[in-house]
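J.: Below you'll find protein-v3.csv; it's CSV, C-alpha atoms.
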```csv
chain,number,residue,atom,x,y,z
G,1,MET,CA,-7.3,41.3,170.3
G,2,THR,CA,-6.6,44.4,172.4
G,3,MET,CA,-6.0,47.6,170.5
G,4,SER,CA,-4.2,50.7,171.8
G,5,HIS,CA,-6.2,53.9,172.0
G,6,PRO,CA,-5.0,56.3,169.3
G,7,ASP,CA,-4.4,59.0,171.9
G,8,ALA,CA,-2.7,56.7,174.3
G,9,LYS,CA,0.9,57.8,175.1
G,10,PRO,CA,3.6,55.2,175.7
G,11,ILE,CA,5.0,55.1,179.3
G,12,PRO,CA,8.3,56.9,179.1
G,13,GLU,CA,11.2,54.8,179.9
G,14,ALA,CA,12.8,55.8,183.3
G,15,LYS,CA,16.2,57.2,183.2
G,16,PRO,CA,18.9,55.1,184.9
G,17,SER,CA,19.6,56.1,188.5
G,18,LEU,CA,23.1,56.6,189.7
G,19,THR,CA,22.1,56.0,193.3
G,20,GLY,CA,22.9,52.4,194.2
G,21,MET,CA,25.4,51.9,191.5
G,22,THR,CA,28.8,50.4,192.2
G,23,ARG,CA,32.0,52.2,191.2
G,24,ALA,CA,32.3,50.0,188.1
G,25,GLU,CA,28.7,50.7,187.1
G,26,ILE,CA,29.2,54.5,187.4
G,27,ALA,CA,32.4,54.2,185.4
G,28,ASP,CA,30.5,52.4,182.6
G,29,ALA,CA,27.8,55.0,182.7
G,30,LEU,CA,30.3,57.8,182.2
G,31,ARG,CA,31.9,55.9,179.3
G,32,GLY,CA,28.5,55.8,177.8
G,33,LEU,CA,28.5,59.6,177.8
G,34,GLY,CA,31.8,59.6,175.9
G,35,LEU,CA,34.0,60.9,178.7
G,36,PRO,CA,37.7,60.2,178.0
G,37,GLU,CA,39.2,57.3,179.9
G,38,ARG,CA,41.8,59.5,181.6
G,39,GLU,CA,38.9,61.4,183.2
G,40,ILE,CA,36.7,58.5,184.3
G,41,ARG,CA,38.4,57.7,187.6
G,42,MET,CA,38.3,61.3,188.9
G,43,ARG,CA,34.7,61.7,187.9
G,44,VAL,CA,33.7,58.4,189.6
G,45,SER,CA,35.3,59.7,192.8
G,46,GLN,CA,33.5,63.0,192.6
G,47,LEU,CA,30.1,61.4,192.0
G,48,TRP,CA,30.7,58.8,194.6
G,49,HIS,CA,31.4,61.5,197.2
G,50,TRP,CA,28.2,63.4,196.3
G,51,VAL,CA,25.9,60.4,196.1
G,52,TYR,CA,27.2,58.3,199.1
G,53,PHE,CA,29.0,60.7,201.4
G,54,ARG,CA,26.9,63.8,201.1
G,55,GLY,CA,23.6,62.2,200.0
G,56,ALA,CA,23.0,64.6,197.1
G,57,ARG,CA,19.5,64.5,195.7
G,58,ASP,CA,20.1,66.8,192.7
G,59,PHE,CA,23.0,67.0,190.2
G,60,GLY,CA,23.0,70.8,190.7
G,61,GLU,CA,24.5,70.3,194.2
G,62,MET,CA,27.7,68.8,192.7
G,63,LEU,CA,29.6,72.1,192.6
G,64,ASN,CA,33.0,70.6,191.8
G,65,VAL,CA,31.6,68.9,188.7
G,66,SER,CA,31.6,71.0,185.6
G,67,LYS,CA,28.3,72.7,184.7
G,68,ALA,CA,28.3,71.0,181.3
G,69,LEU,CA,28.7,67.6,182.8
G,70,ARG,CA,26.1,68.3,185.5
G,71,GLN,CA,23.6,69.2,182.7
G,72,THR,CA,24.4,66.1,180.7
G,73,LEU,CA,24.1,63.9,183.8
G,74,ALA,CA,20.7,65.5,184.6
G,75,GLU,CA,19.5,64.8,181.0
G,76,ARG,CA,20.6,61.1,181.0
G,77,PHE,CA,20.4,60.0,184.7
G,78,GLU,CA,18.4,60.4,187.9
G,79,LEU,CA,19.2,60.2,191.6
G,80,ARG,CA,16.2,58.0,192.3
G,81,LEU,CA,15.5,56.2,195.5
G,82,PRO,CA,12.8,53.9,196.6
G,83,GLU,CA,9.6,55.7,197.5
G,84,ILE,CA,8.4,55.8,201.1
G,85,VAL,CA,4.8,54.6,200.9
G,86,GLU,CA,4.2,54.5,204.6
G,87,GLU,CA,6.1,55.2,207.7
G,88,GLN,CA,5.1,53.8,211.1
G,89,LEU,CA,6.7,54.9,214.4
G,90,SER,CA,6.5,52.5,217.3
G,91,VAL,CA,6.0,53.5,220.9
G,92,ASP,CA,9.6,52.2,221.5
G,93,GLY,CA,11.1,54.4,218.8
G,94,THR,CA,11.4,51.7,216.1
G,95,ARG,CA,10.5,52.9,212.6
G,96,LYS,CA,9.1,50.7,209.8
G,97,TRP,CA,9.1,51.9,206.2
G,98,LEU,CA,7.1,50.4,203.4
G,99,LEU,CA,9.1,51.2,200.3
G,100,ARG,CA,7.9,51.0,196.7
G,101,LEU,CA,10.6,50.1,194.1
G,102,ALA,CA,10.7,51.4,190.6
G,103,PRO,CA,8.7,49.3,188.1
G,104,VAL,CA,10.7,46.7,186.2
G,105,ASP,CA,8.3,46.7,183.2
G,106,ALA,CA,5.0,48.2,182.0
G,107,LEU,CA,2.9,45.6,183.9
G,108,ASP,CA,4.7,46.1,187.2
G,109,LYS,CA,3.2,48.7,189.5
G,110,GLY,CA,6.3,48.7,191.6
G,111,ALA,CA,7.1,45.9,194.1
G,112,GLU,CA,7.2,46.8,197.8
G,113,VAL,CA,9.5,45.8,200.6
G,114,GLU,CA,9.7,46.7,204.3
G,115,CYS,CA,12.7,48.1,206.1
G,116,VAL,CA,13.1,48.6,209.8
G,117,TYR,CA,15.1,51.1,211.9
G,118,ILE,CA,15.9,50.1,215.5
G,119,PRO,CA,17.5,53.0,217.5
G,120,GLU,CA,19.3,52.8,220.8
G,121,SER,CA,21.0,55.6,222.8
G,122,ASP,CA,24.4,54.9,221.3
G,123,ARG,CA,23.7,53.1,218.0
G,124,GLY,CA,21.1,52.6,215.3
G,125,THR,CA,20.5,49.4,213.4
G,126,LEU,CA,18.9,49.2,210.0
G,127,CYS,CA,17.2,45.9,209.1
G,128,VAL,CA,17.2,45.6,205.3
G,129,SER,CA,15.5,43.2,202.9
G,130,SER,CA,17.2,41.2,200.1
G,131,GLN,CA,14.2,39.8,198.3
G,132,VAL,CA,10.6,40.8,197.6
G,133,GLY,CA,8.9,38.0,199.5
G,134,CYS,CA,10.6,34.7,200.4
G,135,THR,CA,10.8,31.1,199.3
G,136,LEU,CA,11.7,29.5,202.7
G,137,ASN,CA,8.2,29.0,204.2
G,138,CYS,CA,9.5,28.9,207.8
G,139,SER,CA,6.5,28.1,209.8
G,140,PHE,CA,7.0,30.7,212.6
G,141,CYS,CA,7.7,33.6,210.3
G,142,HIS,CA,5.0,35.9,208.9
G,143,THR,CA,7.4,37.1,206.1
G,144,GLY,CA,7.8,33.5,205.0
G,145,THR,CA,4.0,33.3,204.2
G,146,GLN,CA,4.5,35.8,201.4
G,147,LYS,CA,5.5,34.3,198.0
G,148,LEU,CA,8.7,35.2,196.4
G,149,VAL,CA,8.3,37.9,193.7
G,150,ARG,CA,12.0,38.5,192.8
G,151,ASN,CA,15.5,39.3,194.1
G,152,LEU,CA,16.3,42.8,194.9
G,153,THR,CA,19.1,44.5,192.8
G,154,THR,CA,22.2,45.9,194.3
G,155,ALA,CA,20.8,49.4,193.9
G,156,GLU,CA,17.5,48.4,195.6
G,157,ILE,CA,19.4,47.0,198.6
G,158,VAL,CA,21.6,50.0,198.9
G,159,GLY,CA,18.6,52.3,198.3
G,160,GLN,CA,17.1,51.1,201.6
G,161,LEU,CA,20.1,52.5,203.5
G,162,LEU,CA,20.1,55.8,201.4
G,163,VAL,CA,16.3,56.3,202.1
G,164,ALA,CA,16.8,55.7,205.8
G,165,ARG,CA,19.8,58.1,206.0
G,166,GLN,CA,17.9,60.8,204.2
G,167,ARG,CA,14.8,60.4,206.4
G,168,LEU,CA,16.9,60.4,209.6
G,169,GLY,CA,19.1,63.3,208.6
G,170,ASP,CA,22.2,61.1,208.6
G,171,PHE,CA,24.1,62.9,205.9
G,172,PRO,CA,26.3,66.0,206.5
G,173,ASP,CA,24.3,69.2,207.1
G,174,ARG,CA,21.0,67.4,207.3
G,175,GLU,CA,18.7,67.7,210.3
G,176,ARG,CA,17.4,64.9,212.4
G,177,PRO,CA,13.6,64.4,212.3
G,178,ASP,CA,11.7,66.2,214.9
G,179,ASP,CA,8.7,63.8,215.4
G,180,GLY,CA,9.4,62.4,218.8
G,181,GLY,CA,11.2,59.3,217.6
G,182,LEU,CA,14.5,58.3,219.1
G,183,VAL,CA,17.5,59.0,216.8
G,184,PRO,CA,21.0,58.8,218.4
G,185,SER,CA,22.7,62.2,218.3
G,186,GLY,CA,25.9,63.9,219.4
G,187,GLU,CA,29.3,64.7,218.0
G,188,GLY,CA,30.3,62.1,215.5
G,189,VAL,CA,27.3,59.8,216.3
G,190,ARG,CA,25.6,58.3,213.3
G,191,ALA,CA,22.0,57.6,213.2
G,192,ILE,CA,22.7,54.3,211.4
G,193,SER,CA,25.8,52.4,212.7
G,194,ASN,CA,24.8,48.8,212.0
G,195,ILE,CA,23.2,46.9,209.1
G,196,VAL,CA,21.5,43.6,209.4
G,197,PHE,CA,20.2,41.5,206.5
G,198,MET,CA,17.3,40.2,208.5
G,199,GLY,CA,14.4,41.7,206.6
G,200,MET,CA,12.4,40.0,203.8
G,201,GLY,CA,14.1,37.2,201.9
G,202,GLU,CA,17.0,34.8,202.2
G,203,PRO,CA,20.2,36.9,201.5
G,204,LEU,CA,22.3,33.9,200.3
G,205,TYR,CA,19.7,33.2,197.5
G,206,ASN,CA,20.7,36.6,196.2
G,207,ILE,CA,24.3,36.5,197.2
G,208,ASP,CA,25.9,38.4,194.2
G,209,ASN,CA,23.7,41.5,194.7
G,210,VAL,CA,24.0,41.2,198.5
G,211,MET,CA,27.8,41.2,198.4
G,212,ALA,CA,27.9,44.0,195.9
G,213,ALA,CA,25.6,46.1,198.1
G,214,ILE,CA,27.8,45.4,201.2
G,215,ASP,CA,30.9,46.6,199.2
G,216,VAL,CA,29.0,49.9,198.4
G,217,MET,CA,27.9,50.2,202.1
G,218,ALA,CA,31.4,49.6,203.4
G,219,ASP,CA,33.3,51.8,201.0
G,220,GLY,CA,35.4,54.2,203.1
G,221,ASP,CA,34.9,57.2,200.8
G,222,GLY,CA,31.1,57.0,200.9
G,223,LEU,CA,28.7,55.3,203.3
G,224,SER,CA,31.7,54.0,205.3
G,225,LEU,CA,30.1,51.3,207.4
G,226,SER,CA,32.4,48.7,208.9
G,227,LYS,CA,31.9,45.2,207.7
G,228,ARG,CA,32.2,44.2,211.3
G,229,ARG,CA,28.9,46.1,211.8
G,230,ILE,CA,27.2,44.5,208.8
G,231,THR,CA,25.5,41.1,209.6
G,232,VAL,CA,24.1,38.7,207.0
G,233,SER,CA,21.5,36.3,208.5
G,234,THR,CA,20.9,33.0,206.7
G,235,SER,CA,18.5,30.1,207.3
G,236,GLY,CA,21.4,27.8,206.2
G,237,VAL,CA,22.2,28.0,202.5
G,238,VAL,CA,25.3,25.9,203.2
G,239,PRO,CA,27.1,26.1,199.8
G,240,GLN,CA,27.2,29.9,199.8
G,241,ILE,CA,28.4,30.4,203.4
G,242,GLU,CA,32.1,29.9,202.7
G,243,ARG,CA,31.9,32.2,199.6
G,244,LEU,CA,30.3,35.0,201.7
G,245,GLY,CA,33.1,34.9,204.2
G,246,ALA,CA,35.9,34.5,201.7
G,247,GLU,CA,34.8,37.1,199.1
G,248,CYS,CA,33.0,39.7,201.3
G,249,GLY,CA,33.6,39.1,205.0
G,250,PRO,CA,30.6,40.4,206.9
G,251,ALA,CA,29.5,39.1,210.3
G,252,LEU,CA,27.4,35.9,210.0
G,253,ALA,CA,24.2,35.0,211.7
G,254,ILE,CA,22.4,31.6,211.5
G,255,SER,CA,18.7,31.3,211.9
G,256,LEU,CA,18.8,28.0,213.8
G,257,HIS,CA,15.7,27.7,216.1
G,258,SER,CA,16.1,23.9,216.7
G,259,VAL,CA,18.7,21.4,217.8
G,260,ARG,CA,16.9,18.4,216.2
G,261,ASP,CA,16.6,17.8,212.5
G,262,ALA,CA,13.1,16.5,212.7
G,263,LEU,CA,11.8,19.7,214.3
G,264,ARG,CA,14.0,22.0,212.3
G,265,ASN,CA,12.6,20.4,209.1
G,266,GLU,CA,9.2,21.7,210.2
G,267,LEU,CA,10.3,25.1,211.4
G,268,VAL,CA,12.9,25.8,208.7
G,269,PRO,CA,12.1,23.5,205.7
G,270,LEU,CA,15.5,24.3,204.1
G,271,ASN,CA,16.9,22.0,206.8
G,272,ARG,CA,15.7,19.0,204.7
G,273,LYS,CA,18.3,20.0,202.1
G,274,TYR,CA,21.1,21.2,204.4
G,275,PRO,CA,20.7,19.5,207.8
G,276,ILE,CA,22.1,20.8,211.1
G,277,ALA,CA,25.4,18.9,211.0
G,278,GLU,CA,26.3,20.3,207.6
G,279,LEU,CA,25.3,23.8,208.6
G,280,LEU,CA,27.4,23.7,211.7
G,281,GLN,CA,30.4,22.4,209.8
G,282,ALA,CA,30.1,25.4,207.4
G,283,CYS,CA,30.0,27.6,210.5
G,284,ARG,CA,33.2,26.1,211.8
G,285,ASP,CA,34.9,26.7,208.5
G,286,TYR,CA,33.5,30.3,208.0
G,287,PRO,CA,36.5,32.5,207.0
G,288,GLY,CA,37.3,35.0,209.7
G,289,ALA,CA,35.3,33.5,212.5
G,290,SER,CA,37.1,33.8,215.8
G,291,ASN,CA,36.4,34.7,219.4
G,292,ALA,CA,36.7,38.3,218.4
G,293,ARG,CA,34.3,37.8,215.5
G,294,ARG,CA,31.7,35.3,216.7
G,295,ILE,CA,28.9,33.8,214.7
G,296,THR,CA,25.4,34.7,216.0
G,297,PHE,CA,22.9,31.9,216.3
G,298,GLU,CA,19.3,33.0,216.4
G,299,TYR,CA,16.9,30.9,218.4
G,300,VAL,CA,13.2,31.9,218.5
G,301,MET,CA,11.5,30.8,221.7
G,302,LEU,CA,8.4,28.8,220.9
G,303,LYS,CA,6.2,27.7,223.9
G,304,GLY,CA,6.4,23.9,224.4
G,305,VAL,CA,8.1,23.4,221.0
G,306,ASN,CA,11.9,24.1,221.4
G,307,ASP,CA,12.3,25.7,224.8
G,308,SER,CA,13.1,22.8,227.2
G,309,PRO,CA,16.2,22.6,229.4
G,310,ALA,CA,17.2,19.4,227.5
G,311,GLU,CA,17.2,21.4,224.2
G,312,ALA,CA,19.3,24.1,225.8
G,313,ARG,CA,21.9,21.5,226.8
G,314,GLU,CA,21.9,20.0,223.3
G,315,LEU,CA,22.4,23.5,221.8
G,316,VAL,CA,25.5,23.9,224.0
G,317,ARG,CA,26.8,20.5,222.8
G,318,LEU,CA,26.1,21.2,219.2
G,319,LEU,CA,28.0,24.5,219.2
G,320,LYS,CA,31.2,23.1,220.7
G,321,GLY,CA,34.1,24.3,218.7
G,322,VAL,CA,32.2,27.2,217.0
G,323,PRO,CA,33.0,30.8,218.1
G,324,ALA,CA,29.4,31.6,218.9
G,325,LYS,CA,27.0,33.8,220.7
G,326,ILE,CA,23.3,32.9,221.0
G,327,ASN,CA,20.4,35.4,220.5
G,328,LEU,CA,17.3,34.1,222.2
G,329,ILE,CA,14.3,35.7,220.5
G,330,PRO,CA,10.9,35.8,222.2
G,331,PHE,CA,8.4,34.8,219.5
G,332,ASN,CA,6.7,37.8,217.9
G,333,PRO,CA,3.1,36.9,217.3
G,334,TRP,CA,1.3,37.8,214.0
G,335,PRO,CA,-2.3,37.2,212.9
G,336,GLY,CA,-3.0,33.5,212.5
G,337,ALA,CA,0.4,32.4,213.9
G,338,PRO,CA,0.4,28.7,214.9
G,339,TYR,CA,2.8,29.3,217.9
G,340,GLU,CA,2.9,31.2,221.2
G,341,CYS,CA,5.9,32.8,222.9
G,342,SER,CA,7.6,30.9,225.7
G,343,ASP,CA,7.0,32.0,229.2
G,344,TRP,CA,9.6,34.4,230.6
G,345,GLU,CA,10.7,32.0,233.3
G,346,THR,CA,11.3,29.3,230.6
G,347,ILE,CA,13.3,31.8,228.5
G,348,GLU,CA,15.4,32.7,231.6
G,349,ARG,CA,16.1,29.1,232.5
G,350,PHE,CA,17.1,28.3,228.9
G,351,SER,CA,19.4,31.4,228.9
G,352,ASP,CA,21.0,30.4,232.2
G,353,ILE,CA,22.0,27.0,230.9
G,354,VAL,CA,23.6,28.5,227.8
G,355,PHE,CA,25.3,31.2,229.7
G,356,ASN,CA,26.7,28.9,232.3
G,357,ALA,CA,28.3,26.8,229.5
G,358,GLY,CA,30.3,29.9,228.5
G,359,TYR,CA,28.2,31.4,225.7
G,360,ALA,CA,26.8,34.9,225.6
G,361,SER,CA,23.1,34.4,225.5
G,362,PRO,CA,21.3,37.8,225.4
G,363,VAL,CA,17.5,37.7,225.2
G,364,ARG,CA,16.6,40.1,222.4
G,365,THR,CA,14.1,42.7,223.6
G,366,PRO,CA,11.2,42.7,221.1
G,367,ARG,CA,11.1,46.0,219.3
G,368,GLY,CA,8.3,47.4,217.1
G,369,ARG,CA,5.8,44.7,217.9
G,370,ASP,CA,3.0,47.3,217.9
G,371,ILE,CA,3.7,48.1,214.2
G,372,LEU,CA,4.5,44.5,213.2
G,373,ALA,CA,8.1,45.5,212.7
G,374,ALA,CA,9.7,42.9,215.0
G,375,CYS,CA,11.7,39.8,213.9
G,376,GLY,CA,9.6,37.6,211.6
G,377,GLN,CA,6.6,40.0,211.4
G,378,LEU,CA,7.5,41.8,208.1
G,379,LYS,CA,5.1,41.3,205.2
G,380,SER,CA,4.4,43.8,202.5
G,381,GLU,CA,1.4,44.1,200.2
G,382,THR,CA,3.5,43.0,197.2
G,383,GLU,CA,2.0,39.6,197.1
G,384,LYS,CA,-1.1,41.2,195.6
G,385,LEU,CA,0.8,41.9,192.4
G,386,ARG,CA,-0.7,40.1,189.5
G,387,ALA,CA,0.9,36.8,188.6
G,388,ARG,CA,1.9,38.2,185.3
G,389,ALA,CA,3.9,41.0,186.9
G,390,ARG,CA,5.6,38.5,189.2
G,391,LEU,CA,6.7,36.4,186.3
G,392,ALA,CA,7.9,39.4,184.4
G,393,ALA,CA,9.9,40.6,187.4
G,394,GLN,CA,11.6,37.2,187.7
```
Will you turn the file into structure tokens for me?
T.:
Amino acid sequence: MTMSHPDAKPIPEAKPSLTGMTRAEIADALRGLGLPEREIRMRVSQLWHWVYFRGARDFGEMLNVSKALRQTLAERFELRLPEIVEEQLSVDGTRKWLLRLAPVDALDKGAEVECVYIPESDRGTLCVSSQVGCTLNCSFCHTGTQKLVRNLTTAEIVGQLLVARQRLGDFPDRERPDDGGLVPSGEGVRAISNIVFMGMGEPLYNIDNVMAAIDVMADGDGLSLSKRRITVSTSGVVPQIERLGAECGPALAISLHSVRDALRNELVPLNRKYPIAELLQACRDYPGASNARRITFEYVMLKGVNDSPAEARELVRLLKGVPAKINLIPFNPWPGAPYECSDWETIERFSDIVFNAGYASPVRTPRGRDILAACGQLKSETEKLRARARLAAQ
């Protein structure tokens, strides 16, 4: 039997953090302080403005909140964000952050996720994670080789955006970083204009928290990102696709990668449960899909595996009737990967067939390869968590 040392001090329980909370959660937190109901809505609006519009890091900044309430809030709550454990800056300006989340219990040292920022001259895209690890085991994806630890909470998903905006000076009166990295700038230009759920995990296996996080990100009085600029990428969790469109309405991306069930079963094992025909029917039925709001189909180019002209023609046939654009992704190598990237001439020939059939078929320029930040390369050290901590987290 293990005995506690008489001088050992219990780990103090962390105070709840307001950052990442939804409006309803902030309202409940204020009710817990005993605020009268008639005051709740006004106070929620005030806190929302400071946390999500101004990026406040201290309750003392909230000057239109009474001093007494600020003191009470500071005693009972925190404005906590995930901790940046490591930042890597690619030669092309891409940034990758390894973020440590707050522990969920005494045995948890804090799970870790990766988050990637991809800047261009006129826009900036943040690639966020929805799970710690992944269950899908897609054979071409480094992230998929990491076991699932747990789903991220709404606050942990939103926290990735808040950390990135803090680091990039993307709140009012904050300075852009001066470290040589590319960050879009200019009057009214935001460092982060787009969000893609293409980091670690399958978003539709965590759909409730993902949709709640999108609602926080898109709230016009706070982070104010257009849902047209928020894209959720799924490997094909068919039963949740309609719900995502009907209840939330972000842009949809499908991680397709093959036109044949036999090959897709190998590349994306989820296909055994939801084969290509079912997946494409769900896409045809996706609420809000139109020529103005096309569904993106992601297709990683694997040398000698899925890159023939015949497969390009079959892809065109399969997508008939779906408002679609096709992202061709040169395979991003990782240590021990069983595939190679298609030759450039092969990718161009594939792209031409798709383009000549009337589909936009951009070839995605690999970004952040030198820091393993490109598509399919993310993998944190969280898998080293003890099995006991994993079970407790779940």
J.: When you count only C-alpha atoms, which of these residues is closest to Asp219 in chain G: G:Trp334, G:Tyr274, G:Phe77, G:Phe53?
T.: G:Phe53
J.: For a test of reading the model, state the distance in Å between CA of Glu61 in chain G and CA of Ile84 in chain G, rounded to one decimal.
T.: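 Going from CA of Glu61 in chain G over to CA of Ile84 in chain G, I get 22.7 Å.
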J.: Need the shell around Gln131 in chain G: protein/DNA/RNA residues with any atom at most 8 Å away, counting only C-alpha atoms. Skip same-chain ones fewer than 6 positions apart. Format as a list in words?
T.: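 Near Gln131 in chain G, the qualifying residues are Val113, Leu148, Val149, Arg150, Asn151, Leu152, Met200, Gly201, Glu202, Pro203 and Asn206 of chain G.
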J.: Please produce a file of those selected residues containing C-alpha atoms, as a short mmCIF file (atom, residue, chain, number, x, y, z; two decimals), in the coordinates of the input.
T.:
```cif
data_model
loop_
_atom_site.label_atom_id
_atom_site.label_comp_id
_atom_site.auth_asym_id
_atom_site.auth_seq_id
_atom_site.Cartn_x
_atom_site.Cartn_y
_atom_site.Cartn_z
CA VAL G 113 9.50 45.80 200.60
CA LEU G 148 8.70 35.20 196.40
CA VAL G 149 8.30 37.90 193.70
CA ARG G 150 12.00 38.50 192.80
CA ASN G 151 15.50 39.30 194.10
CA LEU G 152 16.30 42.80 194.90
CA MET G 200 12.40 40.00 203.80
CA GLY G 201 14.10 37.20 201.90
CA GLU G 202 17.00 34.80 202.20
CA PRO G 203 20.20 36.90 201.50
CA ASN G 206 20.70 36.60 196.20
#
```
J.: For Tyr52 in chain G, which residue out of G:Ile207, G:Leu89, G:Ala218, G:Ala14 is the nearest one, using only C-alpha atoms?
T.: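 Answer, going by the shortest atom-to-atom distance: G:Ala218.
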J.: Select, from G:Asp173, G:Leu328, G:Gly60, G:Gly181, the residue with the minimum atom-to-atom distance to Glu87 in chain G, counting only C-alpha atoms.
T.: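 Closest to Glu87 in chain G, using only C-alpha atoms: G:Gly181.
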J.: Give me the residues within 6 Å of Pro330 in chain G as a PDB file with C-alpha atoms, in the frame of the given file, counting only C-alpha atoms and dropping any in the same chain fewer than 4 places off.
T.:
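Final output, saved to selection.pdb:
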```pdb
ATOM      1  CA  VAL G 300      13.200  31.900 218.500  1.00  0.00           C
ATOM      2  CA  MET G 301      11.500  30.800 221.700  1.00  0.00           C
ATOM      3  CA  CYS G 341       5.900  32.800 222.900  1.00  0.00           C
TER       4      CYS G 341
END
```
J.: Write out as a PyMOL selection string which residues come within 7 Å of range 40-48 of chain G when counting all atoms listed in the file, dropping same-chain ones fewer than 5 positions away.
T.: chain G and resi 23+26-27+30+35+222
J.: How many Å lie between CA of Asp208 in chain G and CA of Ile157 in chain G, rounded to one decimal?
T.: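 A separation of 11.6 Å between them.
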J.: Kindly give the distance, in Å, that separates CA of Ile241 in chain G and CA of Arg264 in chain G, rounded to a single decimal.
T.: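 We find that CA of Ile241 in chain G and CA of Arg264 in chain G lie 18.9 Å from each other.
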J.: Please list as a ChimeraX atom specification every residue within 8 Å of Ala213 in chain G, counting all atoms listed in the file and excluding residues in the same chain fewer than 4 positions away.
T.: /G:20,22,154-155,157-158,209,217
J.: Keeping only C-alpha atoms, write those residues as a PDB file, in the coordinates of the input.
T.:
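What follows is the written file result_22.pdb:
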```
ATOM      1  CA  GLY G  20      22.900  52.400 194.200  1.00  0.00           C
ATOM      2  CA  THR G  22      28.800  50.400 192.200  1.00  0.00           C
ATOM      3  CA  THR G 154      22.200  45.900 194.300  1.00  0.00           C
ATOM      4  CA  ALA G 155      20.800  49.400 193.900  1.00  0.00           C
ATOM      5  CA  ILE G 157      19.400  47.000 198.600  1.00  0.00           C
ATOM      6  CA  VAL G 158      21.600  50.000 198.900  1.00  0.00           C
ATOM      7  CA  ASN G 209      23.700  41.500 194.700  1.00  0.00           C
ATOM      8  CA  MET G 217      27.900  50.200 202.100  1.00  0.00           C
TER       9      MET G 217
END
```
J.: Can you list, as a PDB file with C-alpha atoms, in the coordinates of the input, every protein, DNA or RNA residue that comes within 12 Å of Gln71 in chain G when you count all atoms listed in the file, leaving out same-chain residues fewer than 4 positions away?
T.:
```
ATOM      1  CA  LEU G  33      28.500  59.600 177.800  1.00  0.00           C
ATOM      2  CA  ASP G  58      20.100  66.800 192.700  1.00  0.00           C
ATOM      3  CA  PHE G  59      23.000  67.000 190.200  1.00  0.00           C
ATOM      4  CA  GLY G  60      23.000  70.800 190.700  1.00  0.00           C
ATOM      5  CA  GLU G  61      24.500  70.300 194.200  1.00  0.00           C
ATOM      6  CA  MET G  62      27.700  68.800 192.700  1.00  0.00           C
ATOM      7  CA  LEU G  63      29.600  72.100 192.600  1.00  0.00           C
ATOM      8  CA  VAL G  65      31.600  68.900 188.700  1.00  0.00           C
ATOM      9  CA  SER G  66      31.600  71.000 185.600  1.00  0.00           C
ATOM     10  CA  LYS G  67      28.300  72.700 184.700  1.00  0.00           C
ATOM     11  CA  GLU G  75      19.500  64.800 181.000  1.00  0.00           C
ATOM     12  CA  ARG G  76      20.600  61.100 181.000  1.00  0.00           C
ATOM     13  CA  PHE G  77      20.400  60.000 184.700  1.00  0.00           C
ATOM     14  CA  GLU G  78      18.400  60.400 187.900  1.00  0.00           C
TER      15      GLU G  78
END
```
J.: G:Tyr339, G:Tyr299, G:Tyr359, G:Phe350: which is nearest Lys325 in chain G, counting all atoms listed in the file?
T.: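 The closest residue to Lys325 in chain G is G:Tyr359.
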J.: Counting only C-alpha atoms, which residues have an atom no more than 12 Å from (14.8, 43.8, 203.9) in the file's coordinates? Please list them as a CSV table (one decimal) with C-alpha atoms, keeping the file's coordinate frame.
T.:
```csv
chain,number,residue,atom,x,y,z
G,96,LYS,CA,9.1,50.7,209.8
G,97,TRP,CA,9.1,51.9,206.2
G,98,LEU,CA,7.1,50.4,203.4
G,99,LEU,CA,9.1,51.2,200.3
G,112,GLU,CA,7.2,46.8,197.8
G,113,VAL,CA,9.5,45.8,200.6
G,114,GLU,CA,9.7,46.7,204.3
G,115,CYS,CA,12.7,48.1,206.1
G,116,VAL,CA,13.1,48.6,209.8
G,117,TYR,CA,15.1,51.1,211.9
G,126,LEU,CA,18.9,49.2,210.0
G,127,CYS,CA,17.2,45.9,209.1
G,128,VAL,CA,17.2,45.6,205.3
G,129,SER,CA,15.5,43.2,202.9
G,130,SER,CA,17.2,41.2,200.1
G,131,GLN,CA,14.2,39.8,198.3
G,132,VAL,CA,10.6,40.8,197.6
G,133,GLY,CA,8.9,38.0,199.5
G,134,CYS,CA,10.6,34.7,200.4
G,143,THR,CA,7.4,37.1,206.1
G,151,ASN,CA,15.5,39.3,194.1
G,152,LEU,CA,16.3,42.8,194.9
G,153,THR,CA,19.1,44.5,192.8
G,156,GLU,CA,17.5,48.4,195.6
G,157,ILE,CA,19.4,47.0,198.6
G,158,VAL,CA,21.6,50.0,198.9
G,159,GLY,CA,18.6,52.3,198.3
G,160,GLN,CA,17.1,51.1,201.6
G,161,LEU,CA,20.1,52.5,203.5
G,195,ILE,CA,23.2,46.9,209.1
G,196,VAL,CA,21.5,43.6,209.4
G,197,PHE,CA,20.2,41.5,206.5
G,198,MET,CA,17.3,40.2,208.5
G,199,GLY,CA,14.4,41.7,206.6
G,200,MET,CA,12.4,40.0,203.8
G,201,GLY,CA,14.1,37.2,201.9
G,202,GLU,CA,17.0,34.8,202.2
G,203,PRO,CA,20.2,36.9,201.5
G,210,VAL,CA,24.0,41.2,198.5
G,232,VAL,CA,24.1,38.7,207.0
G,233,SER,CA,21.5,36.3,208.5
G,373,ALA,CA,8.1,45.5,212.7
G,375,CYS,CA,11.7,39.8,213.9
G,376,GLY,CA,9.6,37.6,211.6
G,377,GLN,CA,6.6,40.0,211.4
G,378,LEU,CA,7.5,41.8,208.1
G,379,LYS,CA,5.1,41.3,205.2
G,380,SER,CA,4.4,43.8,202.5
```
J.: Let me make sure I understand: among G:Arg165, G:Pro287, G:Leu73, G:Ser235, which one has the smallest atom-to-atom distance to Pro275 in chain G if we use only C-alpha atoms?
T.: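 Of G:Arg165, G:Pro287, G:Leu73, G:Ser235, the one nearest Pro275 in chain G, counting only C-alpha atoms, is G:Ser235.
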